[in-house]
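Below: structure-v4.cif (mmCIF, C-alpha atoms and all ligand atoms)
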data_input
loop_
_atom_site.label_atom_id
_atom_site.label_comp_id
_atom_site.auth_asym_id
_atom_site.auth_seq_id
_atom_site.Cartn_x
_atom_site.Cartn_y
_atom_site.Cartn_z
CA MET W 1 40.83 20.12 173.95
CA THR W 2 39.52 18.64 177.22
CA GLU W 3 36.04 17.19 177.11
CA ASN W 4 33.72 18.02 180.02
CA TYR W 5 32.47 14.57 180.96
CA LEU W 6 31.96 15.77 184.52
CA TYR W 7 30.34 19.01 185.65
CA PHE W 8 28.89 20.36 188.86
CA LEU W 9 25.66 22.22 189.53
CA ASP W 10 25.30 23.58 193.06
CA ASN W 11 28.12 21.22 194.04
CA LYS W 12 26.23 18.18 192.75
CA PRO W 13 28.15 16.09 190.19
CA TYR W 14 26.74 15.18 186.77
CA ILE W 15 28.17 12.97 184.03
CA ASN W 16 27.92 14.15 180.43
CA MET W 17 28.37 11.12 178.15
CA THR W 18 27.36 12.18 174.66
CA ASN W 19 25.89 14.81 172.35
CA ALA W 20 23.52 12.27 170.81
CA CYS W 21 19.82 12.25 171.60
CA THR W 22 16.75 10.70 170.01
CA ASN W 23 14.50 13.58 171.10
CA ARG W 24 14.44 17.28 170.27
CA CYS W 25 12.54 18.55 173.32
CA VAL W 26 11.15 22.06 173.14
CA PHE W 27 12.53 22.81 176.60
CA CYS W 28 15.99 21.30 176.06
CA VAL W 29 18.79 23.39 177.48
CA ARG W 30 20.80 22.55 174.34
CA ASN W 31 18.49 24.87 172.40
CA GLN W 32 19.33 27.71 174.71
CA LYS W 33 23.00 27.69 175.59
CA GLU W 34 26.26 25.87 175.05
CA ASP W 35 27.27 25.71 178.67
CA VAL W 36 25.84 24.94 182.06
CA GLN W 37 27.19 27.32 184.68
CA GLY W 38 30.34 27.82 182.65
CA ALA W 39 30.96 24.17 181.72
CA LYS W 40 30.85 23.73 177.97
CA LEU W 41 28.91 20.50 177.51
CA TRP W 42 29.04 20.01 173.74
CA LEU W 43 31.63 17.31 173.31
CA ASN W 44 34.17 17.72 170.51
CA SER W 45 33.87 14.07 169.59
CA ASP W 46 31.17 11.59 170.46
CA ASN W 47 33.57 8.80 171.33
CA ALA W 48 33.61 8.93 175.11
CA VAL W 49 35.42 5.89 176.46
CA SER W 50 34.93 4.74 180.01
CA LYS W 51 38.53 5.23 181.10
CA ASP W 52 38.55 8.91 180.08
CA VAL W 53 35.34 9.59 181.99
CA ILE W 54 36.64 7.66 185.01
CA LYS W 55 39.89 9.66 184.93
CA GLN W 56 37.92 12.91 185.28
CA LEU W 57 35.83 11.39 188.07
CA ASP W 58 38.92 10.24 189.97
CA GLU W 59 40.41 13.73 189.74
CA ASN W 60 37.34 14.94 191.68
CA LYS W 61 36.76 11.87 193.84
CA ASN W 62 36.50 13.57 197.24
CA LYS W 63 34.09 16.21 195.98
CA ILE W 64 31.94 13.55 194.33
CA ILE W 65 31.81 11.29 197.37
CA SER W 66 30.91 14.17 199.65
CA ALA W 67 27.97 15.07 197.34
CA GLY W 68 26.46 11.63 198.07
CA GLU W 69 24.94 11.15 194.60
CA ILE W 70 26.07 11.41 190.99
CA VAL W 71 23.68 11.78 188.05
CA PHE W 72 24.11 10.75 184.42
CA CYS W 73 22.58 13.80 182.74
CA GLY W 74 24.25 15.96 180.13
CA TYR W 75 23.66 17.49 176.70
CA GLY W 76 22.63 14.16 175.18
CA GLU W 77 20.88 10.93 176.14
CA PRO W 78 23.26 9.01 178.44
CA LEU W 79 21.90 5.55 177.64
CA VAL W 80 22.96 5.91 174.00
CA LYS W 81 26.28 4.91 175.63
CA ILE W 82 24.88 1.96 177.58
CA ASP W 83 28.10 -0.10 177.68
CA GLU W 84 30.16 2.83 178.94
CA VAL W 85 27.45 3.80 181.46
CA VAL W 86 27.42 0.27 182.89
CA ASP W 87 31.26 0.21 183.04
CA ILE W 88 31.36 3.52 184.89
CA CYS W 89 28.57 2.48 187.29
CA LYS W 90 30.47 -0.72 188.13
CA TYR W 91 33.61 1.30 188.80
CA LEU W 92 31.79 3.81 190.98
CA LYS W 93 30.11 1.11 193.05
CA ALA W 94 33.48 -0.62 193.59
CA ASN W 95 35.54 2.48 194.35
CA TYR W 96 33.31 5.30 195.64
CA SER W 97 31.92 4.16 198.95
CA ASN W 98 28.19 4.75 199.46
CA LEU W 99 27.83 6.94 196.37
CA LYS W 100 24.31 6.79 194.95
CA ILE W 101 23.87 6.68 191.17
CA ARG W 102 20.93 8.18 189.29
CA ILE W 103 20.25 8.19 185.57
CA ASN W 104 18.10 10.80 183.86
CA THR W 105 16.92 9.37 180.56
CA ASN W 106 14.49 9.87 177.72
CA GLY W 107 13.46 6.20 177.99
CA HIS W 108 14.37 5.20 174.43
CA ALA W 109 17.27 2.89 175.35
CA ASN W 110 15.57 -0.41 174.62
CA TYR W 111 14.57 0.82 171.18
CA ILE W 112 18.07 2.16 170.48
CA HIS W 113 19.86 -1.03 171.53
CA LYS W 114 17.21 -3.56 170.45
CA ARG W 115 17.38 -5.29 173.82
CA ASN W 116 16.13 -4.74 177.35
CA VAL W 117 18.93 -2.85 179.10
CA ALA W 118 17.10 -2.48 182.44
CA PRO W 119 18.63 -5.72 183.86
CA GLU W 120 22.11 -4.40 182.96
CA LEU W 121 21.49 -1.23 184.97
CA ALA W 122 19.64 -2.75 187.93
CA PRO W 123 22.67 -4.01 189.91
CA TYR W 124 24.27 -0.55 190.02
CA VAL W 125 21.66 2.17 189.66
CA ASP W 126 19.95 3.55 192.77
CA SER W 127 17.29 5.48 190.88
CA ILE W 128 16.21 6.33 187.38
CA SER W 129 14.18 9.30 186.17
CA ILE W 130 12.43 8.80 182.83
CA SER W 131 10.87 11.64 180.82
CA LEU W 132 7.19 10.84 180.33
CA ASN W 133 6.66 14.40 179.07
CA GLY W 134 2.92 14.16 178.40
CA GLU W 135 -0.38 12.39 178.96
CA THR W 136 -0.93 11.36 175.31
CA GLU W 137 1.22 10.39 172.36
CA GLU W 138 0.16 13.56 170.56
CA ILE W 139 1.27 15.82 173.39
CA TYR W 140 4.46 13.79 173.91
CA ASN W 141 5.35 14.18 170.24
CA LYS W 142 4.76 17.93 170.28
CA ILE W 143 6.95 18.41 173.33
CA SER W 144 9.69 15.83 172.69
CA ASN W 145 9.90 15.78 168.88
CA PRO W 146 11.12 12.16 168.96
CA GLN W 147 13.30 10.92 166.14
CA ILE W 148 12.19 7.29 166.59
CA GLU W 149 8.93 5.45 165.86
CA ASN W 150 6.31 4.91 168.59
CA ALA W 151 8.43 6.77 171.10
CA TYR W 152 5.66 7.35 173.64
CA GLU W 153 4.91 3.62 173.88
CA GLU W 154 8.65 2.92 174.12
CA VAL W 155 8.94 5.31 177.06
CA LYS W 156 6.06 3.67 178.90
CA ARG W 157 7.49 0.21 178.19
CA PHE W 158 10.88 1.32 179.51
CA ILE W 159 9.33 2.70 182.69
CA ARG W 160 7.66 -0.67 183.23
CA ALA W 161 10.90 -2.55 182.45
CA CYS W 162 12.80 -0.55 185.09
CA VAL W 163 10.04 -1.07 187.65
CA GLU W 164 10.10 -4.81 186.94
CA GLU W 165 13.85 -4.79 187.68
CA LYS W 166 13.05 -3.06 190.98
CA ILE W 167 15.00 0.07 190.10
CA PRO W 168 13.39 2.99 191.99
CA THR W 169 11.78 4.67 188.99
CA THR W 170 10.30 8.14 188.55
CA ALA W 171 8.32 9.30 185.52
CA SER W 172 8.81 13.03 185.04
CA ILE W 173 7.19 15.90 183.20
CA VAL W 174 8.09 19.55 182.75
CA VAL W 175 5.27 21.93 183.55
CA ASP W 176 4.67 25.55 182.55
CA VAL W 177 6.53 25.35 179.24
CA PRO W 178 5.01 28.27 177.29
CA ASP W 179 2.57 27.00 174.58
CA PHE W 180 3.01 23.35 175.62
CA PRO W 181 0.55 22.63 178.44
CA VAL W 182 0.67 19.21 180.09
CA ASN W 183 -2.03 17.73 182.29
CA LYS W 184 -0.17 17.01 185.50
CA GLU W 185 -2.91 14.93 187.12
CA ARG W 186 -3.33 12.65 184.11
CA CYS W 187 0.44 12.17 183.85
CA GLU W 188 0.57 11.23 187.51
CA VAL W 189 -2.14 8.61 186.98
CA ILE W 190 -0.15 7.13 184.07
CA ALA W 191 3.09 7.09 186.10
CA LYS W 192 1.39 5.32 188.99
CA SER W 193 -0.31 2.83 186.65
CA LEU W 194 3.16 1.87 185.38
CA GLY W 195 4.39 1.37 188.95
CA ALA W 196 6.59 4.49 188.98
CA LYS W 197 6.76 7.54 191.19
CA PHE W 198 5.89 10.86 189.60
CA ARG W 199 7.70 14.18 189.45
CA ALA W 200 6.62 17.45 187.85
CA ARG W 201 9.57 19.74 187.24
CA GLU W 202 9.11 23.44 186.59
CA PHE W 203 10.34 24.88 183.33
CA ILE W 204 13.26 27.22 183.88
CA PRO W 205 13.65 29.70 181.02
CA ASN W 206 17.22 29.90 179.75
CA GLY W 207 18.23 26.59 181.26
CA TYR W 208 19.36 25.83 184.79
S1 LIG F 301 15.73 14.11 175.99
FE1 LIG F 301 17.00 15.50 177.21
S2 LIG F 301 18.84 15.87 175.95
FE2 LIG F 301 17.30 14.96 174.61
S3 LIG F 301 16.31 16.72 173.66
FE3 LIG F 301 15.09 16.16 175.46
S4 LIG F 301 15.88 17.43 177.14
FE4 LIG F 301 17.40 17.49 175.46
#
Please go through the file and, once you have read it, give me the structure as structure tokens.
Amino acid sequence: MTENYLYFLDNKPYINMTNACTNRCVFCVRNQKEDVQGAKLWLNSDNAVSKDVIKQLDENKNKIISAGEIVFCGYGEPLVKIDEVVDICKYLKANYSNLKIRINTNGHANYIHKRNVAPELAPYVDSISISLNGETEEIYNKISNPQIENAYEEVKRFIRACVEEKIPTTASIVVDVPDFPVNKERCEVIAKSLGAKFRAREFIPNGY
């Protein structure tokens, strides 16, 4: 069965690398549906290899280039697959003229891989959006249900690591999630103090 490593939302391309994630966010689209606009994003196996993803990209090359930007964002945390992500980024930068690359991430990558991966991403990635998700560790834990230790500090450290590598970095939150209020102003102060831009995204019931 074909895996959907590539999907489109409003004609914008997204790369879906894995089912694995170290969070269990209360707003995660995975809790709500198995597909995004008809594309089934649960992968049958979690062994995505770069060449299979690249093959799907190449089959849609013109559409991807005309979109101007591609985003690593699927049903799992893309940076679980750091080696494959870097491979694919290198390929895109060499073969897809002027295509911008963004990564949406939960910010746990340095914990997962036990090394600082920001320098590996910096040569290829045009922007990175990291889920800050709350103004305190307590709120972060309620919203994100992290499966790793000290996740909130890890996220803040990863934001700083990306900023230090001069990757345009945005710290994001989701507002208006029922029963999970977040203080937007305090989150913005934290994002700025880490050197990142800030984005508050509205919760969309039932996914995208
Ligand atoms: S980090 Fe993303 S993929 Fe993981 S649970 Fe949260 S919303 Fe879902």
### Query
Excluding same-chain residues fewer than 2 positions from Ala20 of chain W, what lies within 8 Å of it counting only C-alpha atoms, as JSON, numbers by chain?
{"W": [18, 22, 46, 75, 76, 77, 80]}
### Message
Neighbours of ligand LIG 301 (chain F) at 10 Å or closer, counting all atoms listed in the file: which residues, as a ChimeraX atom specification?
### Response
/W:18-31,73-78,104-108,130-131,133,143-147,174
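Taking all atoms listed in the file into account, Phe72 of chain W lies nearest to W:Ile103 out of the set W:Ala94, W:Ile204, W:Ile103, W:Ala161.
Nearest to Ile15 of chain W of all the residues W:Val85, W:Ala200, W:Ile173, W:Leu99 is W:Val85, counting all atoms listed in the file.
Nearest-residue note for Asn16 of chain W: choosing from W:Lys51, W:Lys61, W:Arg115, W:Lys81, the minimum distance belongs to W:Lys81, counting all atoms listed in the file.
Atom pair atom CA of Asp176 of chain W / atom CA of Arg201 of chain W: separated by 8.9 Å.
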Just write segment 82-100 of chain W with N, CA and C atoms, as a PDB file, in the first residue's frame, taken from the block above.
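Heads up, here's the output in out.pdb:
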ATOM      1  N   ILE W  82      15.638  12.681  11.880  1.00  0.00           N
ATOM      2  CA  ILE W  82      16.550  13.783  11.554  1.00  0.00           C
ATOM      3  C   ILE W  82      17.429  13.473  10.351  1.00  0.00           C
ATOM      4  N   ASP W  83      17.984  12.264  10.253  1.00  0.00           N
ATOM      5  CA  ASP W  83      18.909  11.983   9.138  1.00  0.00           C
ATOM      6  C   ASP W  83      18.184  12.059   7.797  1.00  0.00           C
ATOM      7  N   GLU W  84      16.971  11.504   7.774  1.00  0.00           N
ATOM      8  CA  GLU W  84      16.196  11.527   6.531  1.00  0.00           C
ATOM      9  C   GLU W  84      15.772  12.964   6.206  1.00  0.00           C
ATOM     10  N   VAL W  85      15.381  13.728   7.228  1.00  0.00           N
ATOM     11  CA  VAL W  85      14.972  15.124   6.991  1.00  0.00           C
ATOM     12  C   VAL W  85      16.136  15.913   6.381  1.00  0.00           C
ATOM     13  N   VAL W  86      17.327  15.740   6.926  1.00  0.00           N
ATOM     14  CA  VAL W  86      18.491  16.467   6.393  1.00  0.00           C
ATOM     15  C   VAL W  86      18.776  16.028   4.953  1.00  0.00           C
ATOM     16  N   ASP W  87      18.716  14.721   4.694  1.00  0.00           N
ATOM     17  CA  ASP W  87      18.912  14.211   3.316  1.00  0.00           C
ATOM     18  C   ASP W  87      17.939  14.863   2.342  1.00  0.00           C
ATOM     19  N   ILE W  88      16.672  14.886   2.733  1.00  0.00           N
ATOM     20  CA  ILE W  88      15.634  15.399   1.839  1.00  0.00           C
ATOM     21  C   ILE W  88      15.815  16.913   1.636  1.00  0.00           C
ATOM     22  N   CYS W  89      16.151  17.615   2.714  1.00  0.00           N
ATOM     23  CA  CYS W  89      16.401  19.065   2.596  1.00  0.00           C
ATOM     24  C   CYS W  89      17.540  19.331   1.618  1.00  0.00           C
ATOM     25  N   LYS W  90      18.626  18.561   1.745  1.00  0.00           N
ATOM     26  CA  LYS W  90      19.774  18.734   0.839  1.00  0.00           C
ATOM     27  C   LYS W  90      19.320  18.541  -0.608  1.00  0.00           C
ATOM     28  N   TYR W  91      18.536  17.490  -0.823  1.00  0.00           N
ATOM     29  CA  TYR W  91      18.070  17.189  -2.181  1.00  0.00           C
ATOM     30  C   TYR W  91      17.188  18.323  -2.711  1.00  0.00           C
ATOM     31  N   LEU W  92      16.298  18.808  -1.870  1.00  0.00           N
ATOM     32  CA  LEU W  92      15.396  19.883  -2.317  1.00  0.00           C
ATOM     33  C   LEU W  92      16.182  21.140  -2.655  1.00  0.00           C
ATOM     34  N   LYS W  93      17.158  21.481  -1.827  1.00  0.00           N
ATOM     35  CA  LYS W  93      17.930  22.701  -2.090  1.00  0.00           C
ATOM     36  C   LYS W  93      18.745  22.570  -3.381  1.00  0.00           C
ATOM     37  N   ALA W  94      19.165  21.330  -3.712  1.00  0.00           N
ATOM     38  CA  ALA W  94      19.973  21.136  -4.918  1.00  0.00           C
ATOM     39  C   ALA W  94      19.122  21.047  -6.182  1.00  0.00           C
ATOM     40  N   ASN W  95      17.867  20.610  -6.033  1.00  0.00           N
ATOM     41  CA  ASN W  95      17.091  20.269  -7.231  1.00  0.00           C
ATOM     42  C   ASN W  95      15.783  21.042  -7.420  1.00  0.00           C
ATOM     43  N   TYR W  96      15.348  21.775  -6.412  1.00  0.00           N
ATOM     44  CA  TYR W  96      14.068  22.497  -6.509  1.00  0.00           C
ATOM     45  C   TYR W  96      14.378  23.986  -6.349  1.00  0.00           C
ATOM     46  N   SER W  97      14.555  24.665  -7.470  1.00  0.00           N
ATOM     47  CA  SER W  97      15.084  26.025  -7.402  1.00  0.00           C
ATOM     48  C   SER W  97      14.167  26.949  -6.594  1.00  0.00           C
ATOM     49  N   ASN W  98      14.794  27.658  -5.673  1.00  0.00           N
ATOM     50  CA  ASN W  98      14.134  28.698  -4.860  1.00  0.00           C
ATOM     51  C   ASN W  98      13.046  28.187  -3.918  1.00  0.00           C
ATOM     52  N   LEU W  99      12.938  26.887  -3.742  1.00  0.00           N
ATOM     53  CA  LEU W  99      11.911  26.375  -2.823  1.00  0.00           C
ATOM     54  C   LEU W  99      12.340  26.626  -1.381  1.00  0.00           C
ATOM     55  N   LYS W 100      11.452  27.233  -0.622  1.00  0.00           N
ATOM     56  CA  LYS W 100      11.726  27.449   0.813  1.00  0.00           C
ATOM     57  C   LYS W 100      11.324  26.193   1.596  1.00  0.00           C
TER      58      LYS W 100
END
